Every structure is written in structure tokens, then in C-alpha cells.
$ cat model-v4.cif   # mmCIF, C-alpha atoms
data_final
#
loop_
_atom_site.group_PDB
_atom_site.id
_atom_site.type_symbol
_atom_site.label_atom_id
_atom_site.label_comp_id
_atom_site.auth_asym_id
_atom_site.auth_seq_id
_atom_site.Cartn_x
_atom_site.Cartn_y
_atom_site.Cartn_z
ATOM 1 C CA MET A 15 -32.857 -86.334 9.062
ATOM 2 C CA SER A 16 -36.417 -86.851 8.057
ATOM 3 C CA ALA A 17 -37.426 -83.997 10.335
ATOM 4 C CA LEU A 18 -34.832 -81.690 8.816
ATOM 5 C CA ARG A 19 -35.937 -82.684 5.356
ATOM 6 C CA SER A 20 -39.549 -82.092 6.221
ATOM 7 C CA ARG A 21 -38.707 -78.644 7.637
ATOM 8 C CA SER A 22 -36.719 -77.827 4.528
ATOM 9 C CA ALA A 23 -39.532 -79.029 2.356
ATOM 10 C CA ALA A 24 -41.972 -77.040 4.412
ATOM 11 C CA ALA A 25 -39.809 -73.981 4.034
ATOM 12 C CA ARG A 26 -39.670 -74.446 0.339
ATOM 13 C CA LEU A 27 -43.365 -74.953 0.189
ATOM 14 C CA ILE A 28 -44.054 -71.803 2.209
ATOM 15 C CA ALA A 29 -41.737 -69.768 0.031
ATOM 16 C CA GLY A 30 -43.314 -71.187 -3.028
ATOM 17 C CA ALA A 31 -46.695 -70.298 -1.673
ATOM 18 C CA ARG A 32 -45.662 -66.703 -1.066
ATOM 19 C CA TYR A 33 -44.302 -66.314 -4.554
ATOM 20 C CA LYS A 34 -47.358 -68.032 -5.923
ATOM 21 C CA ARG A 35 -49.609 -65.530 -4.200
ATOM 22 C CA CYS A 36 -47.750 -62.782 -5.993
ATOM 23 C CA GLY A 37 -47.988 -64.653 -9.291
ATOM 24 C CA GLN A 38 -44.213 -64.906 -9.598
ATOM 25 C CA ARG A 39 -41.603 -67.596 -9.462
ATOM 26 C CA PRO A 40 -38.415 -67.424 -7.341
ATOM 27 C CA SER A 41 -36.250 -67.271 -10.417
ATOM 28 C CA ASP A 42 -38.280 -64.265 -11.656
ATOM 29 C CA VAL A 43 -37.724 -62.475 -8.386
ATOM 30 C CA ARG A 44 -33.992 -63.076 -8.525
ATOM 31 C CA TRP A 45 -33.867 -61.820 -12.116
ATOM 32 C CA GLN A 46 -35.863 -58.705 -11.256
ATOM 33 C CA SER A 47 -33.620 -57.951 -8.284
ATOM 34 C CA THR A 48 -30.525 -58.043 -10.495
ATOM 35 C CA ALA A 49 -32.232 -55.876 -13.098
ATOM 36 C CA SER A 50 -33.329 -53.351 -10.462
ATOM 37 C CA LEU A 51 -29.753 -53.103 -9.176
ATOM 38 C CA ALA A 52 -28.480 -52.474 -12.688
ATOM 39 C CA ILE A 53 -31.148 -49.802 -13.232
ATOM 40 C CA ASN A 54 -30.211 -48.102 -9.950
ATOM 41 C CA ARG A 55 -26.559 -48.085 -10.922
ATOM 42 C CA GLN A 56 -27.403 -46.688 -14.339
ATOM 43 C CA THR A 57 -29.586 -43.979 -12.777
ATOM 44 C CA SER A 58 -26.788 -43.056 -10.351
ATOM 45 C CA SER A 59 -24.256 -42.846 -13.172
ATOM 46 C CA GLN A 60 -26.622 -40.675 -15.213
ATOM 47 C CA PHE A 61 -27.067 -38.253 -12.276
ATOM 48 C CA TRP A 62 -23.325 -37.559 -11.832
ATOM 49 C CA THR A 63 -22.647 -36.106 -15.245
ATOM 50 C CA THR A 64 -19.461 -34.241 -16.109
ATOM 51 C CA GLY A 65 -21.219 -30.891 -15.859
ATOM 52 C CA ARG A 66 -22.620 -31.604 -12.385
ATOM 53 C CA VAL A 67 -19.250 -32.802 -11.126
ATOM 54 C CA LEU A 68 -17.600 -29.619 -12.411
ATOM 55 C CA LEU A 69 -20.372 -27.494 -10.868
ATOM 56 C CA LEU A 70 -19.949 -29.167 -7.478
ATOM 57 C CA SER A 71 -16.163 -28.776 -7.644
ATOM 58 C CA THR A 72 -16.494 -25.089 -8.528
ATOM 59 C CA PHE A 73 -18.938 -24.442 -5.707
ATOM 60 C CA THR A 74 -16.762 -26.247 -3.169
ATOM 61 C CA GLY A 75 -13.630 -24.404 -4.277
ATOM 62 C CA SER A 76 -15.380 -21.016 -4.172
ATOM 63 C CA LEU A 77 -16.738 -21.692 -0.699
ATOM 64 C CA ALA A 78 -13.300 -22.721 0.570
ATOM 65 C CA TYR A 79 -11.754 -19.594 -0.974
ATOM 66 C CA LEU A 80 -14.309 -17.276 0.643
ATOM 67 C CA LEU A 81 -13.802 -18.891 4.012
ATOM 68 C CA GLY A 82 -10.059 -18.566 3.604
ATOM 69 C CA ILE A 83 -9.914 -14.847 2.730
ATOM 70 C CA ASN A 84 -12.391 -13.770 5.378
ATOM 71 C CA ASP A 85 -11.763 -13.636 9.071
ATOM 72 C CA THR A 86 -13.597 -16.728 10.290
ATOM 73 C CA SER A 87 -13.813 -15.267 13.743
ATOM 74 C CA SER A 88 -16.237 -12.643 12.414
ATOM 75 C CA PHE A 89 -18.855 -15.372 11.988
ATOM 76 C CA LEU A 90 -18.670 -16.057 15.723
ATOM 77 C CA ARG A 91 -19.121 -12.475 16.833
ATOM 78 C CA THR A 92 -22.449 -11.453 18.265
ATOM 79 C CA SER A 93 -24.501 -8.600 16.889
ATOM 80 C CA ASN A 94 -23.917 -6.615 20.076
ATOM 81 C CA THR A 95 -20.139 -6.423 19.541
ATOM 82 C CA LYS A 96 -19.074 -3.019 18.258
ATOM 83 C CA THR A 97 -15.718 -2.033 16.806
ATOM 84 C CA PRO A 98 -14.248 0.908 18.726
ATOM 85 C CA ALA A 99 -14.060 4.127 16.723
ATOM 86 C CA PRO A 100 -10.546 5.222 15.689
ATOM 87 C CA ILE A 101 -8.996 7.921 17.820
ATOM 88 C CA ALA A 102 -8.722 11.209 15.953
ATOM 89 C CA PRO A 103 -5.272 12.854 16.067
ATOM 90 C CA ALA A 104 -5.006 15.739 18.510
ATOM 91 C CA TYR A 105 -3.042 18.720 17.234
ATOM 92 C CA ALA A 106 -2.100 22.097 18.673
ATOM 93 C CA THR A 107 -4.707 24.628 19.720
ATOM 94 C CA LYS A 108 -4.749 28.147 18.333
ATOM 95 C CA THR A 109 -2.807 29.412 21.343
ATOM 96 C CA LYS A 110 -0.064 26.824 20.873
ATOM 97 C CA LEU A 111 0.091 27.625 17.158
ATOM 98 C CA GLU A 112 0.722 31.286 17.944
ATOM 99 C CA THR A 113 3.378 30.298 20.483
ATOM 100 C CA ALA A 114 5.097 28.015 17.979
ATOM 101 C CA ILE A 115 5.091 30.684 15.250
ATOM 102 C CA SER A 116 6.669 33.142 17.677
ATOM 103 C CA GLU A 117 9.363 30.586 18.570
ATOM 104 C CA LEU A 118 10.067 29.874 14.902
ATOM 105 C CA ARG A 119 10.488 33.590 14.165
ATOM 106 C CA THR A 120 12.936 33.838 17.031
ATOM 107 C CA LEU A 121 14.844 30.815 15.712
ATOM 108 C CA LEU A 122 14.851 31.619 11.979
ATOM 109 C CA GLY A 123 14.248 35.362 11.836
ATOM 110 C CA GLU A 124 11.132 37.442 11.231
ATOM 111 C CA ASP A 125 11.319 37.163 7.448
ATOM 112 C CA ALA A 126 11.771 33.379 7.515
ATOM 113 C CA VAL A 127 8.202 32.705 8.693
ATOM 114 C CA SER A 128 5.165 33.989 6.784
ATOM 115 C CA THR A 129 1.460 33.979 7.609
ATOM 116 C CA ASP A 130 0.406 36.048 4.602
ATOM 117 C CA ASP A 131 -2.836 34.771 3.036
ATOM 118 C CA ASP A 132 -1.472 34.726 -0.508
ATOM 119 C CA VAL A 133 1.615 32.804 0.586
ATOM 120 C CA LEU A 134 -0.502 30.266 2.474
ATOM 121 C CA HIS A 135 -2.721 29.824 -0.576
ATOM 122 C CA ASP A 136 0.280 29.227 -2.822
ATOM 123 C CA HIS A 137 1.534 26.508 -0.467
ATOM 124 C CA GLY A 138 -1.802 24.739 -0.041
ATOM 125 C CA TYR A 139 -3.429 25.004 -3.464
ATOM 126 C CA SER A 140 -2.166 24.267 -6.953
ATOM 127 C CA GLU A 141 -3.711 24.437 -10.407
ATOM 128 C CA TRP A 142 -1.439 21.551 -11.379
ATOM 129 C CA SER A 143 -2.916 19.224 -8.780
ATOM 130 C CA SER A 144 -5.825 16.921 -9.572
ATOM 131 C CA ILE A 145 -7.007 17.220 -5.949
ATOM 132 C CA ASN A 146 -7.263 20.353 -3.797
ATOM 133 C CA ILE A 147 -8.681 20.737 -0.311
ATOM 134 C CA GLU A 148 -10.015 23.782 1.502
ATOM 135 C CA THR A 149 -7.605 23.595 4.446
ATOM 136 C CA LEU A 150 -4.423 25.660 4.158
ATOM 137 C CA PRO A 151 -1.278 25.714 6.310
ATOM 138 C CA VAL A 152 -1.250 28.272 9.112
ATOM 139 C CA ALA A 153 2.351 29.361 8.444
ATOM 140 C CA VAL A 154 5.194 28.914 5.960
ATOM 141 C CA ALA A 155 8.745 28.527 7.269
ATOM 142 C CA TYR A 156 11.867 28.980 5.100
ATOM 143 C CA PRO A 157 14.886 27.035 6.419
ATOM 144 C CA LYS A 158 18.369 27.716 5.043
ATOM 145 C CA SER A 159 20.275 24.769 6.474
ATOM 146 C CA THR A 160 19.856 21.322 8.001
ATOM 147 C CA ALA A 161 20.108 22.950 11.432
ATOM 148 C CA ASP A 162 17.125 25.177 10.602
ATOM 149 C CA VAL A 163 15.102 22.150 9.471
ATOM 150 C CA GLN A 164 16.015 20.409 12.719
ATOM 151 C CA GLY A 165 14.886 23.410 14.768
ATOM 152 C CA ILE A 166 11.538 23.601 12.938
ATOM 153 C CA ALA A 167 10.939 19.882 13.460
ATOM 154 C CA LYS A 168 11.730 20.067 17.177
ATOM 155 C CA CYS A 169 9.472 23.079 17.704
ATOM 156 C CA CYS A 170 6.538 21.567 15.812
ATOM 157 C CA SER A 171 6.986 18.215 17.535
ATOM 158 C CA LYS A 172 6.906 19.882 20.951
ATOM 159 C CA HIS A 173 3.640 21.700 20.172
ATOM 160 C CA ARG A 174 2.093 18.824 18.154
ATOM 161 C CA ILE A 175 1.949 20.738 14.869
ATOM 162 C CA PRO A 176 1.978 18.928 11.507
ATOM 163 C CA VAL A 177 4.840 19.748 9.132
ATOM 164 C CA VAL A 178 4.407 19.579 5.354
ATOM 165 C CA PRO A 179 7.590 19.765 3.208
ATOM 166 C CA TYR A 180 7.395 21.882 0.056
ATOM 167 C CA SER A 181 9.881 22.251 -2.801
ATOM 168 C CA GLY A 182 8.802 22.753 -6.416
ATOM 169 C CA GLY A 183 5.029 22.558 -5.935
ATOM 170 C CA SER A 184 4.573 20.761 -9.263
ATOM 171 C CA SER A 185 2.926 17.649 -7.819
ATOM 172 C CA LEU A 186 -0.188 16.350 -9.580
ATOM 173 C CA GLU A 187 -1.374 14.315 -6.566
ATOM 174 C CA ALA A 188 -1.635 17.037 -3.880
ATOM 175 C CA ASN A 189 1.475 15.808 -2.062
ATOM 176 C CA PHE A 190 1.984 19.185 -0.356
ATOM 177 C CA SER A 191 -1.616 19.781 0.774
ATOM 178 C CA ALA A 192 -2.177 20.362 4.500
ATOM 179 C CA PRO A 193 -5.359 18.568 5.630
ATOM 180 C CA PHE A 194 -4.711 19.437 9.307
ATOM 181 C CA GLY A 195 -3.186 22.855 8.796
ATOM 182 C CA GLY A 196 0.247 23.033 10.363
ATOM 183 C CA VAL A 197 3.469 24.504 9.027
ATOM 184 C CA SER A 198 4.582 24.296 5.416
ATOM 185 C CA MET A 199 8.373 23.999 5.222
ATOM 186 C CA ASP A 200 9.521 25.631 1.974
ATOM 187 C CA PHE A 201 13.095 24.732 0.958
ATOM 188 C CA ALA A 202 13.381 27.598 -1.518
ATOM 189 C CA TYR A 203 16.645 28.868 0.067
ATOM 190 C CA MET A 204 18.293 25.424 0.145
ATOM 191 C CA ASP A 205 19.113 25.404 -3.577
ATOM 192 C CA LYS A 206 22.841 24.825 -3.737
ATOM 193 C CA ILE A 207 24.941 22.162 -5.456
ATOM 194 C CA ILE A 208 27.323 21.280 -2.630
ATOM 195 C CA ALA A 209 29.791 19.019 -4.400
ATOM 196 C CA LEU A 210 30.263 17.434 -7.836
ATOM 197 C CA ARG A 211 32.581 14.408 -8.125
ATOM 198 C CA PRO A 212 32.924 13.492 -11.818
ATOM 199 C CA ASP A 213 35.328 10.620 -11.135
ATOM 200 C CA ASP A 214 32.807 8.993 -8.784
ATOM 201 C CA MET A 215 29.894 10.038 -11.004
ATOM 202 C CA ASP A 216 27.873 11.476 -8.112
ATOM 203 C CA VAL A 217 26.794 14.880 -6.838
ATOM 204 C CA THR A 218 25.596 16.244 -3.490
ATOM 205 C CA VAL A 219 22.729 18.731 -3.689
ATOM 206 C CA GLN A 220 20.219 20.497 -1.467
ATOM 207 C CA PRO A 221 16.476 19.770 -1.848
ATOM 208 C CA ALA A 222 15.500 22.913 -3.807
ATOM 209 C CA VAL A 223 17.879 22.262 -6.729
ATOM 210 C CA GLY A 224 15.863 21.752 -9.899
ATOM 211 C CA TRP A 225 16.763 18.796 -12.068
ATOM 212 C CA MET A 226 17.036 21.028 -15.156
ATOM 213 C CA THR A 227 19.310 23.447 -13.260
ATOM 214 C CA LEU A 228 21.407 20.501 -12.127
ATOM 215 C CA ASN A 229 21.873 19.248 -15.672
ATOM 216 C CA GLU A 230 22.801 22.730 -16.832
ATOM 217 C CA GLN A 231 25.458 23.067 -14.114
ATOM 218 C CA ILE A 232 27.085 19.666 -14.631
ATOM 219 C CA LYS A 233 26.960 19.334 -18.424
ATOM 220 C CA SER A 234 30.585 20.493 -18.756
ATOM 221 C CA SER A 235 31.652 17.362 -16.847
ATOM 222 C CA GLY A 236 30.053 15.096 -19.423
ATOM 223 C CA LEU A 237 27.504 13.819 -16.892
ATOM 224 C CA PHE A 238 23.746 14.275 -16.748
ATOM 225 C CA PHE A 239 20.874 13.416 -14.425
ATOM 226 C CA PRO A 240 18.341 11.333 -16.395
ATOM 227 C CA VAL A 241 15.180 11.515 -14.253
ATOM 228 C CA ASP A 242 12.899 14.024 -15.997
ATOM 229 C CA PRO A 243 9.481 14.780 -14.465
ATOM 230 C CA GLY A 244 7.853 18.228 -14.819
ATOM 231 C CA PRO A 245 10.230 21.106 -15.703
ATOM 232 C CA SER A 246 9.720 22.864 -12.351
ATOM 233 C CA ALA A 247 10.335 19.752 -10.230
ATOM 234 C CA MET A 248 13.094 19.910 -7.621
ATOM 235 C CA ILE A 249 15.259 17.197 -6.137
ATOM 236 C CA GLY A 250 13.605 17.258 -2.688
ATOM 237 C CA GLY A 251 10.128 16.659 -4.050
ATOM 238 C CA MET A 252 11.432 14.149 -6.569
ATOM 239 C CA VAL A 253 12.948 12.121 -3.739
ATOM 240 C CA GLY A 254 9.831 12.450 -1.582
ATOM 241 C CA THR A 255 7.483 11.221 -4.302
ATOM 242 C CA GLY A 256 9.853 8.700 -5.888
ATOM 243 C CA CYS A 257 9.118 10.340 -9.220
ATOM 244 C CA SER A 258 9.795 9.180 -12.739
ATOM 245 C CA GLY A 259 9.662 10.620 -16.229
ATOM 246 C CA THR A 260 9.909 9.785 -19.899
ATOM 247 C CA ASN A 261 13.413 8.348 -19.399
ATOM 248 C CA ALA A 262 12.224 5.836 -16.786
ATOM 249 C CA VAL A 263 12.094 2.920 -19.233
ATOM 250 C CA ARG A 264 15.759 3.292 -20.118
ATOM 251 C CA TYR A 265 17.294 4.818 -16.983
ATOM 252 C CA GLY A 266 14.908 3.886 -14.160
ATOM 253 C CA THR A 267 13.111 6.075 -11.609
ATOM 254 C CA MET A 268 14.299 8.358 -8.812
ATOM 255 C CA ARG A 269 14.790 5.398 -6.471
ATOM 256 C CA ASP A 270 17.571 4.105 -8.734
ATOM 257 C CA TRP A 271 19.565 7.359 -8.657
ATOM 258 C CA VAL A 272 19.767 8.236 -4.964
ATOM 259 C CA VAL A 273 22.975 7.119 -3.228
ATOM 260 C CA ASN A 274 22.178 8.411 0.257
ATOM 261 C CA LEU A 275 20.096 10.974 2.114
ATOM 262 C CA THR A 276 20.508 13.261 5.102
ATOM 263 C CA VAL A 277 17.104 13.098 6.794
ATOM 264 C CA VAL A 278 15.575 15.103 9.646
ATOM 265 C CA LEU A 279 12.987 12.976 11.449
ATOM 266 C CA ALA A 280 9.756 14.302 12.946
ATOM 267 C CA ASP A 281 11.323 14.774 16.390
ATOM 268 C CA GLY A 282 14.335 16.658 14.999
ATOM 269 C CA THR A 283 16.773 13.741 14.924
ATOM 270 C CA VAL A 284 19.228 13.955 12.005
ATOM 271 C CA ILE A 285 20.309 10.716 10.314
ATOM 272 C CA LYS A 286 22.283 9.717 7.212
ATOM 273 C CA THR A 287 20.837 6.699 5.465
ATOM 274 C CA ARG A 288 24.235 5.312 4.307
ATOM 275 C CA ARG A 289 27.726 6.318 3.157
ATOM 276 C CA ARG A 290 28.836 7.278 -0.333
ATOM 277 C CA PRO A 291 30.514 4.029 -1.473
ATOM 278 C CA ARG A 292 28.065 2.172 -3.680
ATOM 279 C CA LYS A 293 29.539 -1.262 -3.023
ATOM 280 C CA THR A 294 28.254 -1.983 0.449
ATOM 281 C CA ALA A 295 26.017 -4.523 2.143
ATOM 282 C CA ALA A 296 26.105 -3.079 5.659
ATOM 283 C CA GLY A 297 22.936 -2.131 7.493
ATOM 284 C CA TYR A 298 19.348 -1.610 6.402
ATOM 285 C CA ASN A 299 18.406 -0.116 3.036
ATOM 286 C CA LEU A 300 17.118 3.087 4.617
ATOM 287 C CA THR A 301 17.583 5.115 1.449
ATOM 288 C CA SER A 302 14.882 3.187 -0.400
ATOM 289 C CA LEU A 303 12.671 3.447 2.682
ATOM 290 C CA PHE A 304 12.647 7.246 2.562
ATOM 291 C CA VAL A 305 12.490 7.629 -1.225
ATOM 292 C CA GLY A 306 8.787 7.826 -2.038
ATOM 293 C CA SER A 307 7.618 8.241 1.566
ATOM 294 C CA GLU A 308 6.190 11.697 0.675
ATOM 295 C CA GLY A 309 7.566 13.359 3.801
ATOM 296 C CA THR A 310 5.692 11.109 6.211
ATOM 297 C CA LEU A 311 8.914 9.615 7.633
ATOM 298 C CA GLY A 312 11.211 12.629 7.498
#

$ encode --input "model-v4.cif" --output "C-alpha cells"
Amino acid sequence: MSALRSRSAAARLIAGARYKRCGQRPSDVRWQSTASLAINRQTSSQFWTTGRVLLLSTFTGSLAYLLGINDTSSFLRTSNTKTPAPIAPAYATKTKLETAISELRTLLGEDAVSTDDDVLHDHGYSEWSSINIETLPVAVAYPKSTADVQGIAKCCSKHRIPVVPYSGGSSLEANFSAPFGGVSMDFAYMDKIIALRPDDMDVTVQPAVGWMTLNEQIKSSGLFFPVDPGPSAMIGGMVGTGCSGTNAVRYGTMRDWVVNLTVVLADGTVIKTRRRPRKTAAGYNLTSLFVGSEGTLG
């Protein structure tokens, strides 16, 4: 016990000597250590101010957002990796174009296909349009029935010739321009009102019927067609562009007034998007798919 006491006393003496050399007492050191800890805590709390916390949160959120919207795999790609160039579409040569025009004249008649320069200009350029390109169609075909449209589509599909539908030509967005040439299909001769059914409040028309002409013909029935774009617009183009007019706020756009469509696809296949009854839930909504497709689907 005496040895332990002596060691403890020695330890206390040594510690006291160390503190004495520094000119401080043990109690002073303990007090200063507590004060230093408080100062460090105060300094830390002063560093993380509200503004700095908000700045860090904003930076972290922005970084996470950027990483989320970008393809993270792009960061792992090497500089030597190159994206393959898109394959340009291959269309008919001049020889095939001449062959196709000859076939179309045989199918439709000599007068139903035109290659006159003025006619081509009228079907590829418009003063109404906000955009015009230098390329014009190479021919203009005039179908008179769905069978004629089907024949034109099959012929052009076989020879890889683009087909551009044309009705009123009043588009402001160059919908009927022909960037790759091809055949412009003018529906000028398909301008008949096929059937009016006042009791069902619907009408079947061909694509070159103007909306103003339609209203004039059906006004005696007490019905009217409310979609009102430009005065020269025709039903075919109105369907293709999904047009609207000043009555759109009250009556809706063209998409709301089309019951069904008879469509000729690019390969010449003829389809009907649905039947006449409006109360139906059968099948896909193909009508809305084609309305506004601008002739790219059929």
C-alpha cells in the first residue's frame, strides 16, 4: 500500500511538475479545455448558417437532377467511340421515276398525271406558307376514287417514290411540300358529298370537299360543320393537319368531329378506322391516330 501510495504521489508530483513548467495549474488546464470545446462548437455552428445550408442543398439537388436527366453511360464512353451516321433514305432513280409515271398514266389515264412545270410549282410552292423549299414534286396525279388512290400508292411503293397528298393547298406550315420530290396526289376530283344522315347528325364526304361548301349544302337540314380554318381549306387537309379555327374554343378542333376514316396506307392497303356508331369501345382509337398525322401514315 505504501508503494502504491508513493507511486501515486510520484505521479501527482510529476504531473504537477509538468504543469508548473508551463506556469499553469491542473484546474486551469481543465477549464481551458472546456472553454476550447465550447469555442469549437460555437465556431462550427457559426459556419453552418442558414444560407450555406440552403446553398449546399441547392447544389446537391441540381447535381442529382443533371445526373438523372443525362445518360450516365455517356460519361463512361471513350473519346474514340463514334456514333454511326444515320442512313439516308434511298428513293427511285430517274429511270424508275419515268417508269412509274408511265405506269400511272396507264392506270389513271393520260390526263390524270401531269408533269407540267407550272402545275408542279403550284403543288410545291405557296404564297400562303411560311416555309418554302426549292424541291418540287416530279409529277402530279389526280385520283377519282379510293381504287385510284390505292393504285397510286402501290405503284409508288414498288418503285420507292414518296407520295405527298394535296387538297386545298392553304396550309401555312408547308404541309404539302416535297423535300424528296416524288408524286403529289391531288384530290381535286374527289369532291363529292356521299351521304348526309340528319337523324344521325353525320355526313360522309370525299377529301376535296371544302368546309364552306359542305355547310352550304347541308344548311337546309338544320346542321352545320363548326370547324372553320381558312376559307379554301378542304376536309382532307383539315383531317391531315388536325386543324382548328375561331370556333375551336366552343366546338373543339377537327379531331373532335371525325367519326371514322377510310385510309389508304403507303403500301396500298385500304383500312377503315372504325364503324359509324359513336357508342363503341371496341378496338384501337385509330381515327385519332390518323387525324393530324399530315399524310405520313396514310

$ resolve_selection --input "model-v4.cif" --expression "the PyMOL selection byres ((chain A and resi 257) around 10)" --output "MDAnalysis selection string"
chainID A and resid 185 241:244 247 249 251:256 258:259 262 266:269 305:306

$ resolve_selection --input "model-v4.cif" --expression "the PyMOL selection byres ((chain A and resi 143) around 10)" --output "list of chain:residue names"
A:Tyr139, A:Ser140, A:Glu141, A:Trp142, A:Ser144, A:Ile145, A:Asn146, A:Gly183, A:Ser184, A:Ser185, A:Leu186, A:Glu187, A:Ala188, A:Asn189, A:Phe190, A:Ser191

$ resolve_selection --input "model-v4.cif" --expression "the PyMOL selection byres ((chain A and resi 237) around 12)" --output "PyMOL selection string"
chain A and resi 210-217+228-236+238-240

$ closest_residue --input "model-v4.cif" --among "A:Arg264, A:Arg66, A:Lys108, A:Arg290" --to "Gly195 in chain A" --atoms "all atoms listed in the file"
A:Lys108

$ residues_around --input "model-v4.cif" --residues "Val278 in chain A" --least-positions-apart "5" --cutoff "10 Å" --atoms "only C-alpha atoms" --output "list in words"
Thr160, Ala161, Val163, Gln164, Gly165, Ile166, Ala167, Lys168, Thr283, Val284, Ile285, Lys286, Leu311 and Gly312 of chain A

$ write_last_selection --input "model-v4.cif" --atoms "C-alpha atoms" --output "mmCIF file, in the frame of the given file"
data_model
loop_
_atom_site.group_PDB
_atom_site.id
_atom_site.type_symbol
_atom_site.label_atom_id
_atom_site.label_comp_id
_atom_site.auth_asym_id
_atom_site.auth_seq_id
_atom_site.Cartn_x
_atom_site.Cartn_y
_atom_site.Cartn_z
ATOM 1 C CA THR A 160 19.856 21.322 8.001
ATOM 2 C CA ALA A 161 20.108 22.950 11.432
ATOM 3 C CA VAL A 163 15.102 22.150 9.471
ATOM 4 C CA GLN A 164 16.015 20.409 12.719
ATOM 5 C CA GLY A 165 14.886 23.410 14.768
ATOM 6 C CA ILE A 166 11.538 23.601 12.938
ATOM 7 C CA ALA A 167 10.939 19.882 13.460
ATOM 8 C CA LYS A 168 11.730 20.067 17.177
ATOM 9 C CA THR A 283 16.773 13.741 14.924
ATOM 10 C CA VAL A 284 19.228 13.955 12.005
ATOM 11 C CA ILE A 285 20.309 10.716 10.314
ATOM 12 C CA LYS A 286 22.283 9.717 7.212
ATOM 13 C CA LEU A 311 8.914 9.615 7.633
ATOM 14 C CA GLY A 312 11.211 12.629 7.498
#

$ closest_residue --input "model-v4.cif" --among "A:Met248, A:Val219, A:Cys170, A:Ala114" --to "Asn274 in chain A" --atoms "all atoms listed in the file"
A:Val219

$ residues_around --input "model-v4.cif" --residues "range 115-118 of chain A" --least-positions-apart "5" --cutoff "8 Å" --atoms "all atoms listed in the file" --output "CSV table (one decimal) with C-alpha atoms, in the frame of the given file"
chain,number,residue,atom,x,y,z
A,123,GLY,CA,14.2,35.4,11.8
A,127,VAL,CA,8.2,32.7,8.7
A,153,ALA,CA,2.4,29.4,8.4
A,155,ALA,CA,8.7,28.5,7.3
A,166,ILE,CA,11.5,23.6,12.9
A,169,CYS,CA,9.5,23.1,17.7

$ atom_distance --input "model-v4.cif" --atom1 "CA of Val277 in chain A" --atom2 "CA of Leu303 in chain A"
11.4 Å

$ closest_residue --input "model-v4.cif" --among "A:Asp270, A:Asp162, A:Asp130, A:Asp281" --to "Ser302 in chain A" --atoms "only C-alpha atoms"
A:Asp270
